[in-house]
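Undergrad: The following block contains the structure, expressed as structure tokens.
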Amino acid sequence: MSLPNRSATATDEYATGRALPHAAQDRWMRPYRPGPWRVGTAALALMLAAYLLFAALIMGLAGGRSGAVTVLLAALAVIAATLRLLRTGVWLSGKGVRQVGYFSTVTLPWGRVGTVRTAQQPVKVLGLPRTVQGQALLVSRRGGAALRPLLTDHNADFLGRIEAFDIAADAIESWAAELR
């Protein structure tokens, strides 16, 4: 599965106010690269899945069919969960902004986007209950209802990468300014 993303130099072009070449397309793209925490967690999970697949092979060759099927299904579940983890984040297209969470997805057409702004507020560290003071990219719908923060500088994509957060937030704000 390919995950389309933008390099820092391509995102800089969007932040400087130039025309958005992909804005008219219907292809969903992520305006930033997945962060090291997300990629590292996915790599560890896929390594676990490889061990499970190898265990299923050994069990199958040894004659334990039911155990092999159980371990194979566990490996497939780990792989599916890892792919979902890699898909989480913010995706943009000419249609709107999509916030993909682990268990839910919210798509908001550009016509329903009210404001997009960066704010200082308490944010969760890596999605855990602990909160610290940080930056969050907030999107509100026309009519006032707000989405949960699109990005924070302490999530799995931007923890320890403040510059990358600023570039991604500027790119999303540019898309919103041009397409609203």
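Residues are referred to by chain and number: the chain letter is A, B, ... according to the order shown in the structure tokens, the number counts from 1 in that chain, and ligands are numbered separately from 1 in the order shown.
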List every residue of chain A that DSSP, applied to the backbone, labels as strand (DSSP E or B), and write the result as number ranges by chain.
TA: A: 29, 89-92, 96-100, 105-109, 113-124, 131-141, 146, 151-152
Undergrad: Using DSSP on the backbone coordinates, identify all residues within segment 103-167 of chain A classified as alpha helix (DSSP H); present the result as a VMD selection string.
TA: chain A and resid 162 to 167
Undergrad: For the selection just defined, write its residues with C-alpha atoms to a file, as a JSON list (two decimals), in the first residue's frame.
TA:
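Final file, result02.json:
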```json
[["chain", "number", "residue", "atom", "x", "y", "z"],
["A", 162, "ILE", "CA", 8.19, 21.23, 15.63],
["A", 163, "GLU", "CA", 9.33, 22.49, 12.21],
["A", 164, "ALA", "CA", 7.48, 19.66, 10.47],
["A", 165, "PHE", "CA", 4.33, 20.54, 12.42],
["A", 166, "ASP", "CA", 4.60, 24.18, 11.36],
["A", 167, "ILE", "CA", 5.08, 23.22, 7.69]]
```
Undergrad: Pick out the closest residue to Ala50 of chain A from this set: A:His154, A:Val71, A:Gly35, A:Glu178. Count only C-alpha atoms.
TA: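 The shortest atom-to-atom distance to Ala50 of chain A comes from A:Val71.
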Undergrad: Expressed in Å to a single decimal, how great is the separation between atom CA of Ala168 of chain A and atom CA of Val78 of chain A?
TA: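 Those two atoms sit 29.2 Å apart.
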Undergrad: Grab the atom CA of Gln99 of chain A to atom CA of Ala177 of chain A distance for me, in Å with one decimal place.
TA: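 Atom-to-atom, atom CA of Gln99 of chain A to atom CA of Ala177 of chain A, that is 17.8 Å.
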Undergrad: So that I can see what lies close to Leu86 of chain A, please list as a PyMOL selection string the residues with an atom at most 8 Å from it, counting only C-alpha atoms and leaving out residues fewer than 2 positions away in the same chain.
TA: chain A and resi 34+38-39+42+82-84+88
Undergrad: Using only C-alpha atoms, find the one residue out of A:Arg148, A:Arg87, A:Arg142, A:Arg130 that sits nearest to Trp28 of chain A.
TA: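 Smallest distance to Trp28 of chain A is found for A:Arg87.
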Undergrad: Would you pick out the contacts of Ala136 of chain A at 7 Å or less, using only C-alpha atoms, so that residues sharing its chain but fewer than 5 positions from it are not included, and give the list as a PDB file with C-alpha atoms, in the first residue's frame?
TA:
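Result file follows (result_10.pdb):
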```
ATOM      1  CA  THR A 118      -3.254  27.067  15.000  1.00  0.00           C
ATOM      2  CA  ALA A 119      -3.788  27.568  18.721  1.00  0.00           C
ATOM      3  CA  GLN A 120      -1.852  27.091  21.941  1.00  0.00           C
ATOM      4  CA  GLN A 121      -3.774  24.705  24.178  1.00  0.00           C
ATOM      5  CA  PRO A 149      -7.705  18.905  16.719  1.00  0.00           C
ATOM      6  CA  LEU A 151      -2.795  17.920  14.262  1.00  0.00           C
ATOM      7  CA  THR A 152      -0.868  18.534  17.443  1.00  0.00           C
ATOM      8  CA  ASP A 153       2.819  19.044  17.956  1.00  0.00           C
TER       9      ASP A 153
END
```
Undergrad: Please compute the atom CA of Pro36 of chain A-atom CA of Leu85 of chain A distance, one decimal, in Å.
TA: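 That distance, rounded to one decimal, is 12.7 Å.
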Undergrad: In terms of the shortest atom-to-atom distance over only C-alpha atoms, which of A:Val100, A:Leu48, A:Val69, A:Ala176 is closest to Thr115 of chain A?
TA: A:Ala176
Undergrad: Taking into account only C-alpha atoms, which residue in the set A:Leu92, A:Leu73, A:Leu138, A:Val132 is nearest to Leu108 of chain A?
TA: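 Once distances to Leu108 of chain A are computed over only C-alpha atoms, the minimum belongs to A:Leu92.
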Undergrad: Using only C-alpha atoms, find the one residue out of A:Ala156, A:Leu126, A:Val113, A:Ile79 that sits nearest to Met47 of chain A.
TA: A:Ile79
